[in-house]
>>> print(open('structure-v2.txt').read())   # compact mmCIF, C-alpha atoms
# COMPACT_ATOMS: atom_id res chain seq x y z
CA MET A 1336 -20.77 27.41 30.30
CA PRO A 1337 -22.61 25.76 33.24
CA ASP A 1338 -23.07 27.70 36.46
CA VAL A 1339 -21.57 24.88 38.55
CA GLU A 1340 -18.85 22.28 38.29
CA TYR A 1341 -20.29 18.80 38.54
CA LEU A 1342 -18.65 16.61 41.17
CA ARG A 1343 -21.03 13.63 41.48
CA TYR A 1344 -22.57 12.20 38.31
CA VAL A 1345 -24.94 9.22 38.38
CA ALA A 1346 -26.45 7.49 35.32
CA LEU A 1347 -29.77 5.62 35.55
CA GLY A 1348 -31.30 3.51 32.81
CA ASP A 1349 -31.09 0.38 30.69
CA SER A 1350 -28.67 -1.05 28.13
CA GLN A 1351 -28.02 2.25 26.33
CA SER A 1352 -26.74 3.91 29.51
CA GLU A 1353 -24.92 0.71 30.50
CA GLY A 1354 -23.07 1.04 27.19
CA VAL A 1355 -24.15 -2.02 25.20
CA GLY A 1356 -22.92 -1.64 21.62
CA ASP A 1357 -19.75 0.21 22.64
CA GLY A 1358 -17.27 -2.48 23.66
CA ASP A 1359 -18.26 -5.88 25.00
CA ASP A 1360 -18.62 -7.84 28.21
CA THR A 1361 -15.06 -9.19 27.91
CA THR A 1362 -13.13 -5.98 27.31
CA GLY A 1363 -15.68 -3.78 29.08
CA LEU A 1364 -18.47 -1.46 27.98
CA ARG A 1365 -17.95 2.24 27.49
CA GLY A 1366 -21.15 3.86 26.23
CA TRP A 1367 -22.46 7.41 26.06
CA ALA A 1368 -22.77 7.85 29.85
CA ASP A 1369 -19.12 6.87 30.34
CA ARG A 1370 -18.15 9.20 27.51
CA LEU A 1371 -20.09 12.05 29.13
CA ALA A 1372 -18.33 11.30 32.43
CA GLU A 1373 -14.99 11.48 30.61
CA HIS A 1374 -15.90 14.93 29.29
CA LEU A 1375 -16.88 16.04 32.80
CA ALA A 1376 -13.68 14.63 34.29
CA ALA A 1377 -11.61 16.47 31.70
CA LEU A 1378 -13.17 19.67 33.05
CA ASN A 1379 -12.91 18.67 36.70
CA PRO A 1380 -10.60 15.80 37.72
CA GLU A 1381 -12.40 15.64 41.09
CA LEU A 1382 -15.47 14.15 39.40
CA ARG A 1383 -16.92 10.97 40.87
CA TYR A 1384 -19.11 8.81 38.62
CA ALA A 1385 -21.57 5.95 39.21
CA ASN A 1386 -23.54 4.05 36.57
CA LEU A 1387 -26.55 2.12 37.92
CA ALA A 1388 -27.99 1.19 34.50
CA VAL A 1389 -28.73 -2.47 33.75
CA ARG A 1390 -29.70 -3.86 30.35
CA GLY A 1391 -33.23 -5.14 29.81
CA ARG A 1392 -34.81 -2.95 32.47
CA VAL A 1393 -38.19 -1.37 31.74
CA ALA A 1394 -39.06 2.05 33.13
CA ARG A 1395 -40.79 0.78 36.27
CA GLN A 1396 -37.75 -1.38 37.10
CA VAL A 1397 -35.38 1.55 36.65
CA ARG A 1398 -37.49 3.57 39.09
CA ALA A 1399 -37.89 0.70 41.57
CA GLU A 1400 -34.27 -0.48 41.53
CA GLN A 1401 -32.16 2.57 40.75
CA LEU A 1402 -33.88 5.70 42.06
CA ALA A 1403 -33.31 5.15 45.79
CA PRO A 1404 -29.62 4.15 45.37
CA ALA A 1405 -29.11 7.19 43.14
CA LEU A 1406 -30.61 9.55 45.71
CA ALA A 1407 -28.42 7.99 48.41
CA LEU A 1408 -25.33 8.96 46.39
CA ARG A 1409 -26.38 12.65 46.57
CA PRO A 1410 -25.51 13.44 42.94
CA ASP A 1411 -25.39 16.94 41.51
CA LEU A 1412 -25.89 15.60 37.97
CA VAL A 1413 -28.09 12.66 36.93
CA THR A 1414 -29.02 11.21 33.55
CA VAL A 1415 -32.26 9.23 33.30
CA VAL A 1416 -32.97 7.27 30.10
CA ALA A 1417 -35.59 4.51 30.12
CA GLY A 1418 -38.63 3.35 28.19
CA VAL A 1419 -37.22 1.72 25.06
CA ASN A 1420 -37.65 -1.76 26.54
CA ASP A 1421 -41.32 -0.97 27.16
CA LEU A 1422 -42.09 -0.11 23.54
CA LEU A 1423 -42.41 -3.61 22.08
CA ARG A 1424 -44.35 -5.14 24.94
CA PRO A 1425 -48.06 -5.91 24.40
CA SER A 1426 -48.87 -4.21 27.70
CA PHE A 1427 -47.21 -0.94 26.64
CA ASP A 1428 -48.85 2.17 28.07
CA ALA A 1429 -47.21 5.48 27.15
CA GLY A 1430 -48.80 7.28 30.09
CA ARG A 1431 -47.53 4.69 32.55
CA VAL A 1432 -44.00 4.77 31.11
CA ALA A 1433 -43.92 8.57 31.19
CA GLY A 1434 -45.31 8.49 34.73
CA GLN A 1435 -42.40 6.33 35.91
CA LEU A 1436 -39.95 8.73 34.30
CA GLU A 1437 -41.70 11.75 35.80
CA GLU A 1438 -41.51 10.25 39.29
CA MET A 1439 -37.75 10.00 38.85
CA PHE A 1440 -37.52 13.51 37.44
CA ALA A 1441 -39.49 14.89 40.40
CA ALA A 1442 -37.50 13.09 43.10
CA LEU A 1443 -34.10 13.83 41.61
CA THR A 1444 -34.70 17.51 40.88
CA ALA A 1445 -36.22 17.92 44.37
CA SER A 1446 -32.93 16.61 45.78
CA GLY A 1447 -31.12 19.49 44.07
CA ALA A 1448 -29.60 17.50 41.21
CA ARG A 1449 -29.55 18.67 37.64
CA VAL A 1450 -31.26 16.01 35.52
CA LEU A 1451 -30.82 15.26 31.82
CA THR A 1452 -32.82 12.89 29.66
CA LEU A 1453 -33.04 11.97 25.96
CA THR A 1454 -35.73 11.49 23.36
CA PHE A 1455 -35.79 8.36 21.21
CA PRO A 1456 -35.24 8.21 17.44
CA ASP A 1457 -37.79 6.88 14.97
CA VAL A 1458 -37.28 3.12 15.29
CA GLY A 1459 -39.14 2.56 12.04
CA ARG A 1460 -36.29 4.23 10.16
CA ILE A 1461 -33.67 2.14 11.96
CA ALA A 1462 -35.48 -1.19 11.63
CA PRO A 1463 -38.32 -1.10 9.06
CA ILE A 1464 -39.97 -4.12 10.67
CA ALA A 1465 -40.55 -1.95 13.76
CA ARG A 1466 -42.66 0.61 11.87
CA PRO A 1467 -45.88 -0.47 13.65
CA VAL A 1468 -44.55 0.96 16.95
CA ARG A 1469 -43.48 4.34 15.55
CA GLY A 1470 -46.56 5.98 17.05
CA ARG A 1471 -45.56 4.71 20.48
CA VAL A 1472 -42.14 6.33 20.16
CA PHE A 1473 -43.63 9.67 19.12
CA ASP A 1474 -46.13 9.52 22.01
CA VAL A 1475 -43.46 8.74 24.61
CA ASN A 1476 -41.19 11.49 23.28
CA ASP A 1477 -43.96 14.07 23.57
CA ARG A 1478 -44.68 12.97 27.12
CA ILE A 1479 -40.97 13.05 28.04
CA ARG A 1480 -40.69 16.63 26.80
CA GLU A 1481 -43.80 17.66 28.75
CA ALA A 1482 -42.67 15.97 31.99
CA ALA A 1483 -39.17 17.41 31.62
CA ALA A 1484 -40.60 20.91 31.20
CA ARG A 1485 -42.65 20.53 34.40
CA HIS A 1486 -39.58 19.65 36.45
CA GLY A 1487 -36.83 21.70 34.84
CA VAL A 1488 -35.16 18.64 33.33
CA THR A 1489 -32.72 19.19 30.44
CA VAL A 1490 -33.61 17.29 27.25
CA ALA A 1491 -31.09 16.28 24.62
CA ASP A 1492 -33.73 16.11 21.87
CA LEU A 1493 -32.27 13.62 19.40
CA ALA A 1494 -35.56 12.49 17.90
CA PRO A 1495 -36.12 15.17 15.22
CA LEU A 1496 -32.63 14.91 13.71
CA PRO A 1497 -32.11 12.81 10.54
CA VAL A 1498 -28.65 11.73 11.73
CA ALA A 1499 -30.23 9.95 14.71
CA THR A 1500 -31.50 7.21 12.38
CA ASP A 1501 -28.36 6.87 10.26
CA PRO A 1502 -27.52 3.11 10.30
CA ARG A 1503 -23.89 3.91 11.07
CA LEU A 1504 -24.93 5.20 14.50
CA TRP A 1505 -26.48 1.82 15.33
CA SER A 1506 -24.94 -1.55 16.01
CA GLU A 1507 -25.75 -4.68 14.03
CA ASP A 1508 -28.67 -5.53 16.30
CA ARG A 1509 -30.29 -2.11 15.58
CA LEU A 1510 -31.33 -1.95 19.21
CA HIS A 1511 -28.18 -0.36 20.60
CA ALA A 1512 -26.01 2.51 19.47
CA SER A 1513 -22.67 1.77 17.83
CA PRO A 1514 -19.48 3.32 19.23
CA LEU A 1515 -20.04 6.27 16.88
CA GLY A 1516 -23.65 6.48 18.01
CA HIS A 1517 -22.68 6.48 21.68
CA ALA A 1518 -20.12 9.22 20.94
CA ARG A 1519 -22.79 11.34 19.24
CA ILE A 1520 -25.25 10.85 22.11
CA ALA A 1521 -22.60 11.84 24.66
CA ALA A 1522 -21.76 14.93 22.62
CA ALA A 1523 -25.46 15.82 22.41
CA ALA A 1524 -25.76 15.50 26.19
CA ALA A 1525 -22.66 17.63 26.76
CA TYR A 1526 -24.04 20.31 24.44
CA ALA A 1527 -27.47 20.26 26.12
CA LEU A 1528 -25.73 20.76 29.47
CA GLY A 1529 -23.68 23.64 28.05
CA LEU A 1530 -20.35 22.05 28.93
CA PRO A 1531 -17.18 23.84 27.83
CA GLY A 1532 -15.69 22.19 24.79
CA SER A 1533 -19.07 21.06 23.48
CA ASP A 1534 -20.74 22.21 20.27
CA ASP A 1535 -23.54 21.19 17.92
CA THR A 1536 -21.43 19.26 15.39
CA TRP A 1537 -22.91 16.03 16.80
CA ALA A 1538 -26.13 16.95 14.95
CA LEU A 1539 -24.48 17.17 11.54
CA PRO A 1540 -25.23 14.41 9.00
CA LEU A 1541 -22.57 11.85 8.16
CA PRO A 1542 -21.07 11.77 4.66
CA PRO A 1543 -23.34 10.10 2.07
CA GLN A 1544 -22.98 6.37 1.64
CA ARG A 1545 -23.97 4.02 -1.14
CA LEU A 1546 -27.37 2.45 -0.47
CA PRO A 1547 -27.76 -1.35 -0.75
CA SER A 1548 -29.87 -2.84 -3.51
CA ARG A 1549 -33.41 -3.89 -2.67
CA LEU A 1550 -32.35 -7.53 -2.75
CA ASN A 1551 -29.45 -6.94 -0.35
CA ALA A 1552 -31.65 -4.82 1.90
CA ALA A 1553 -34.29 -7.54 2.03
CA GLY A 1554 -31.64 -10.12 2.88
CA ALA A 1555 -30.30 -7.90 5.66
CA GLU A 1556 -33.82 -7.62 7.11
CA LEU A 1557 -34.23 -11.39 7.16
CA ARG A 1558 -30.82 -11.92 8.78
CA TRP A 1559 -31.60 -9.29 11.40
CA ALA A 1560 -34.99 -10.86 12.18
CA ALA A 1561 -33.40 -14.31 12.57
CA GLY A 1562 -30.33 -13.20 14.45
CA PHE A 1563 -31.72 -10.53 16.77
CA LEU A 1564 -35.48 -10.06 16.65
CA GLY A 1565 -36.28 -13.77 16.97
CA PRO A 1566 -34.12 -14.30 20.08
CA TRP A 1567 -35.53 -11.10 21.63
CA ILE A 1568 -39.10 -12.33 21.13
CA GLY A 1569 -38.11 -15.73 22.47
CA ARG A 1570 -36.84 -14.21 25.71
CA ARG A 1571 -40.06 -12.23 26.09
CA LEU A 1572 -42.19 -15.35 25.60
CA ARG A 1573 -40.15 -17.18 28.24
CA GLY A 1574 -40.40 -14.24 30.61
CA ARG A 1575 -36.65 -13.69 30.52
CA SER A 1576 -34.50 -10.61 30.06
CA SER A 1577 -30.97 -9.96 28.85
CA GLY A 1578 -30.37 -8.35 32.23
CA ASP A 1579 -31.35 -11.35 34.36
CA GLY A 1580 -28.73 -11.90 37.05
CA ARG A 1581 -26.86 -8.70 36.20
CA ALA A 1582 -25.96 -5.90 38.56
CA ALA A 1583 -24.92 -2.32 37.88
CA LYS A 1584 -21.42 -2.10 36.43
CA ARG A 1585 -20.45 0.90 38.56
CA PRO A 1586 -22.68 1.09 41.66
CA GLU A 1587 -20.48 3.46 43.67
CA LEU A 1588 -19.21 6.97 42.99
CA LEU A 1589 -15.61 6.55 41.90
CA PRO A 1590 -13.08 8.68 40.03
CA LEU A 1591 -12.38 7.83 36.42
CA GLY A 1592 -9.02 6.20 35.79
CA GLY A 1593 -6.71 6.90 32.88
CA PRO A 1594 -7.02 9.66 30.28
CA SER A 1595 -10.25 11.63 29.94
CA PRO A 1596 -11.05 12.23 26.27
CA ALA A 1597 -13.84 14.60 25.27
CA ALA A 1598 -17.32 13.15 24.90
CA ALA A 1599 -17.36 13.66 21.15
CA SER A 1600 -14.31 11.49 20.49
CA SER A 1601 -14.94 8.14 18.88
>>> encode(input="structure-v2.txt", output="structure tokens")
Amino acid sequence: MPDVEYLRYVALGDSQSEGVGDGDDTTGLRGWADRLAEHLAALNPELRYANLAVRGRVARQVRAEQLAPALALRPDLVTVVAGVNDLLRPSFDAGRVAGQLEEMFAALTASGARVLTLTFPDVGRIAPIARPVRGRVFDVNDRIREAAARHGVTVADLAPLPVATDPRLWSEDRLHASPLGHARIAAAAAYALGLPGSDDTWALPLPPQRLPSRLNAAGAELRWAAGFLGPWIGRRLRGRSSGDGRAAKRPELLPLGGPSPAAASS
């Protein structure tokens, strides 16, 4: 059980913290950060929650655009998840990405907030075409753990767990968690924070499923490359981002409305 009750929770990051893959832009996005906030609000209805995350943001943009507003909200709990959008860029530098994250860790913990971050799963197991960047993921994860240790940041270490790369935890684009994936991430965060009502069942494997034939798997790879990877590369070549023109979905600390299910619900 945590030593304090959290009253002011702020989420920083990119599309994962915004909630892409869990809902849509018409009905609204939920996502793991919202689910974690719901767990917190179930424990303390006085909770106020802000989500500053915006899809497409790289680590330096999260620091430049979201850190100061987050500090101004005087949170007692902050989640910081960024770096995935850096991984596929030709200019990727693991040290620079980790440095941006560490600056946020340092500033937020110095303000008195408890900070939680995540490690990233092996993208090569989620999308085989991404295998060439596996080393980048491993490097960033190691640096995240080291920076977190220096600043007393809590890490929900998803990376080593086989379930983290189960296709059922990922949406069709393989870039964003599915609703089940967001639920598992929220439950992992709640457990890492030691919240009442949390446990380690989020780490358990899902029931076995029938694997597709090689032919069907190859076809799925081609459809994914045409439907998702190609457009992503096209935006990069044009210097555009999925987050262009977007603002944070929840820039102010507000109470959660409606029922507050536990983070692990799906």
>>> atom_distance(input="structure-v2.txt", atom1="atom CA of Gly1354 of chain A", atom2="atom CA of Leu1422 of chain A")
19.4 Å
>>> axis_aligned_box(input="structure-v2.txt", around="segment 1391-1399 of chain A", padding_each_side="6 Å", output="JSON")
{"center_x": -37.0, "center_y": -0.8, "center_z": 35.7, "size_x": 19.6, "size_y": 20.7, "size_z": 23.8}
>>> closest_residue(input="structure-v2.txt", among="A:Ile1520, A:Val1393, A:Ala1448, A:Leu1387", to="Trp1537 of chain A", atoms="only C-alpha atoms")
A:Ile1520
>>> residues_around(input="structure-v2.txt", residues="Leu1504 of chain A", least_positions_apart="5", cutoff="10 Å", atoms="all atoms listed in the file", output="VMD selection string")
chain A and resid 1461 1498 to 1499 1509 1511 to 1520 1541
>>> closest_residue(input="structure-v2.txt", among="A:Ala1403, A:Val1450, A:Ala1583, A:Val1475", to="Ala1494 of chain A", atoms="all atoms listed in the file")
A:Val1475
>>> atom_distance(input="structure-v2.txt", atom1="atom CA of Glu1437 of chain A", atom2="atom CA of Ala1482 of chain A")
5.8 Å
>>> closest_residue(input="structure-v2.txt", among="A:Asp1534, A:Glu1340, A:Asp1349, A:Asp1501", to="Glu1400 of chain A", atoms="all atoms listed in the file")
A:Asp1349
>>> residues_around(input="structure-v2.txt", residues="Tyr1344 of chain A", least_positions_apart="6", cutoff="12 Å", atoms="all atoms listed in the file", output="number ranges by chain")
A: 1368-1369, 1371-1376, 1379, 1381-1387, 1405-1406, 1408-1415, 1448-1451, 1585-1591
>>> atom_distance(input="structure-v2.txt", atom1="atom CA of Leu1347 of chain A", atom2="atom CA of Leu1402 of chain A")
7.7 Å
>>> closest_residue(input="structure-v2.txt", among="A:Arg1478, A:Thr1489, A:Glu1438, A:Ser1506", to="Gly1356 of chain A", atoms="all atoms listed in the file")
A:Ser1506
>>> closest_residue(input="structure-v2.txt", among="A:Gly1447, A:Gly1470, A:Pro1456, A:Pro1425", to="Asp1492 of chain A", atoms="all atoms listed in the file")
A:Pro1456
>>> closest_residue(input="structure-v2.txt", among="A:Gln1435, A:Gln1351, A:Thr1361, A:Gln1401", to="Val1419 of chain A", atoms="only C-alpha atoms")
A:Gln1351
>>> decode(input="structure-v2.txt", residues="segment 1499-1510 of chain A", atoms="all heavy atoms", output="mmCIF file, in the first residue's frame")
data_model
loop_
_atom_site.group_PDB
_atom_site.id
_atom_site.type_symbol
_atom_site.label_atom_id
_atom_site.label_comp_id
_atom_site.auth_asym_id
_atom_site.auth_seq_id
_atom_site.Cartn_x
_atom_site.Cartn_y
_atom_site.Cartn_z
ATOM 1 N N ALA A 1499 4.157 -9.235 -23.075
ATOM 2 C CA ALA A 1499 4.218 -7.878 -23.620
ATOM 3 C C ALA A 1499 4.236 -7.857 -25.140
ATOM 4 O O ALA A 1499 3.895 -6.840 -25.747
ATOM 5 C CB ALA A 1499 5.448 -7.145 -23.083
ATOM 6 N N THR A 1500 4.643 -8.967 -25.764
ATOM 7 C CA THR A 1500 4.681 -9.013 -27.227
ATOM 8 C C THR A 1500 3.579 -9.902 -27.809
ATOM 9 O O THR A 1500 3.594 -10.194 -29.003
ATOM 10 C CB THR A 1500 6.053 -9.504 -27.721
ATOM 11 O OG1 THR A 1500 6.355 -10.772 -27.130
ATOM 12 C CG2 THR A 1500 7.142 -8.508 -27.347
ATOM 13 N N ASP A 1501 2.633 -10.324 -26.979
ATOM 14 C CA ASP A 1501 1.498 -11.090 -27.494
ATOM 15 C C ASP A 1501 0.699 -10.202 -28.445
ATOM 16 O O ASP A 1501 0.325 -9.084 -28.084
ATOM 17 C CB ASP A 1501 0.611 -11.549 -26.331
ATOM 18 C CG ASP A 1501 -0.469 -12.528 -26.775
ATOM 19 O OD1 ASP A 1501 -1.263 -12.190 -27.672
ATOM 20 O OD2 ASP A 1501 -0.517 -13.634 -26.200
ATOM 21 N N PRO A 1502 0.434 -10.650 -29.682
ATOM 22 C CA PRO A 1502 -0.275 -9.804 -30.657
ATOM 23 C C PRO A 1502 -1.623 -9.294 -30.161
ATOM 24 O O PRO A 1502 -2.092 -8.243 -30.605
ATOM 25 C CB PRO A 1502 -0.444 -10.734 -31.867
ATOM 26 C CG PRO A 1502 0.588 -11.787 -31.708
ATOM 27 C CD PRO A 1502 0.798 -11.964 -30.238
ATOM 28 N N ARG A 1503 -2.243 -10.025 -29.238
ATOM 29 C CA ARG A 1503 -3.560 -9.615 -28.751
ATOM 30 C C ARG A 1503 -3.488 -8.365 -27.872
ATOM 31 O O ARG A 1503 -4.511 -7.734 -27.610
ATOM 32 C CB ARG A 1503 -4.204 -10.776 -27.994
ATOM 33 C CG ARG A 1503 -4.648 -11.910 -28.913
ATOM 34 C CD ARG A 1503 -4.976 -13.176 -28.156
ATOM 35 N NE ARG A 1503 -3.772 -13.857 -27.681
ATOM 36 C CZ ARG A 1503 -3.771 -15.044 -27.060
ATOM 37 N NH1 ARG A 1503 -4.929 -15.662 -26.843
ATOM 38 N NH2 ARG A 1503 -2.641 -15.598 -26.668
ATOM 39 N N LEU A 1504 -2.302 -8.010 -27.432
ATOM 40 C CA LEU A 1504 -2.127 -6.784 -26.645
ATOM 41 C C LEU A 1504 -1.853 -5.575 -27.529
ATOM 42 O O LEU A 1504 -1.693 -4.468 -27.022
ATOM 43 C CB LEU A 1504 -0.985 -6.949 -25.636
ATOM 44 C CG LEU A 1504 -1.411 -7.426 -24.236
ATOM 45 C CD1 LEU A 1504 -2.063 -8.794 -24.303
ATOM 46 C CD2 LEU A 1504 -0.209 -7.463 -23.301
ATOM 47 N N TRP A 1505 -1.826 -5.798 -28.854
ATOM 48 C CA TRP A 1505 -1.485 -4.723 -29.781
ATOM 49 C C TRP A 1505 -2.572 -4.556 -30.820
ATOM 50 O O TRP A 1505 -3.202 -5.518 -31.243
ATOM 51 C CB TRP A 1505 -0.126 -5.008 -30.441
ATOM 52 C CG TRP A 1505 0.933 -5.007 -29.386
ATOM 53 C CD1 TRP A 1505 1.390 -6.086 -28.663
ATOM 54 C CD2 TRP A 1505 1.576 -3.866 -28.832
ATOM 55 N NE1 TRP A 1505 2.290 -5.681 -27.724
ATOM 56 C CE2 TRP A 1505 2.431 -4.318 -27.799
ATOM 57 C CE3 TRP A 1505 1.541 -2.498 -29.119
ATOM 58 C CZ2 TRP A 1505 3.221 -3.451 -27.047
ATOM 59 C CZ3 TRP A 1505 2.322 -1.636 -28.393
ATOM 60 C CH2 TRP A 1505 3.154 -2.118 -27.358
ATOM 61 N N SER A 1506 -2.792 -3.310 -31.218
ATOM 62 C CA SER A 1506 -3.827 -3.020 -32.199
ATOM 63 C C SER A 1506 -3.353 -3.426 -33.594
ATOM 64 O O SER A 1506 -2.206 -3.854 -33.787
ATOM 65 C CB SER A 1506 -4.185 -1.530 -32.173
ATOM 66 O OG SER A 1506 -3.061 -0.746 -32.495
ATOM 67 N N GLU A 1507 -4.211 -3.279 -34.564
ATOM 68 C CA GLU A 1507 -3.908 -3.733 -35.918
ATOM 69 C C GLU A 1507 -2.677 -3.050 -36.492
ATOM 70 O O GLU A 1507 -1.953 -3.639 -37.305
ATOM 71 C CB GLU A 1507 -5.133 -3.485 -36.823
ATOM 72 C CG GLU A 1507 -5.025 -4.100 -38.198
ATOM 73 C CD GLU A 1507 -6.268 -3.850 -39.043
ATOM 74 O OE1 GLU A 1507 -7.185 -3.163 -38.552
ATOM 75 O OE2 GLU A 1507 -6.295 -4.333 -40.190
ATOM 76 N N ASP A 1508 -2.410 -1.813 -36.068
ATOM 77 C CA ASP A 1508 -1.246 -1.117 -36.614
ATOM 78 C C ASP A 1508 0.074 -1.553 -35.983
ATOM 79 O O ASP A 1508 1.146 -1.178 -36.443
ATOM 80 C CB ASP A 1508 -1.410 0.402 -36.498
ATOM 81 C CG ASP A 1508 -1.414 0.912 -35.066
ATOM 82 O OD1 ASP A 1508 -1.109 0.138 -34.126
ATOM 83 O OD2 ASP A 1508 -1.728 2.100 -34.874
ATOM 84 N N ARG A 1509 0.015 -2.338 -34.903
ATOM 85 C CA ARG A 1509 1.185 -2.872 -34.196
ATOM 86 C C ARG A 1509 2.059 -1.784 -33.569
ATOM 87 O O ARG A 1509 3.140 -2.068 -33.070
ATOM 88 C CB ARG A 1509 2.043 -3.741 -35.122
ATOM 89 C CG ARG A 1509 1.289 -4.876 -35.778
ATOM 90 C CD ARG A 1509 2.221 -5.759 -36.548
ATOM 91 N NE ARG A 1509 1.482 -6.671 -37.412
ATOM 92 C CZ ARG A 1509 2.047 -7.491 -38.277
ATOM 93 N NH1 ARG A 1509 3.354 -7.519 -38.384
ATOM 94 N NH2 ARG A 1509 1.313 -8.272 -39.031
ATOM 95 N N LEU A 1510 1.580 -0.577 -33.613
ATOM 96 C CA LEU A 1510 2.322 0.536 -33.027
ATOM 97 C C LEU A 1510 1.717 0.961 -31.695
ATOM 98 O O LEU A 1510 2.393 1.588 -30.882
ATOM 99 C CB LEU A 1510 2.328 1.731 -33.987
ATOM 100 C CG LEU A 1510 2.961 1.502 -35.357
ATOM 101 C CD1 LEU A 1510 2.715 2.712 -36.256
ATOM 102 C CD2 LEU A 1510 4.446 1.218 -35.218
#
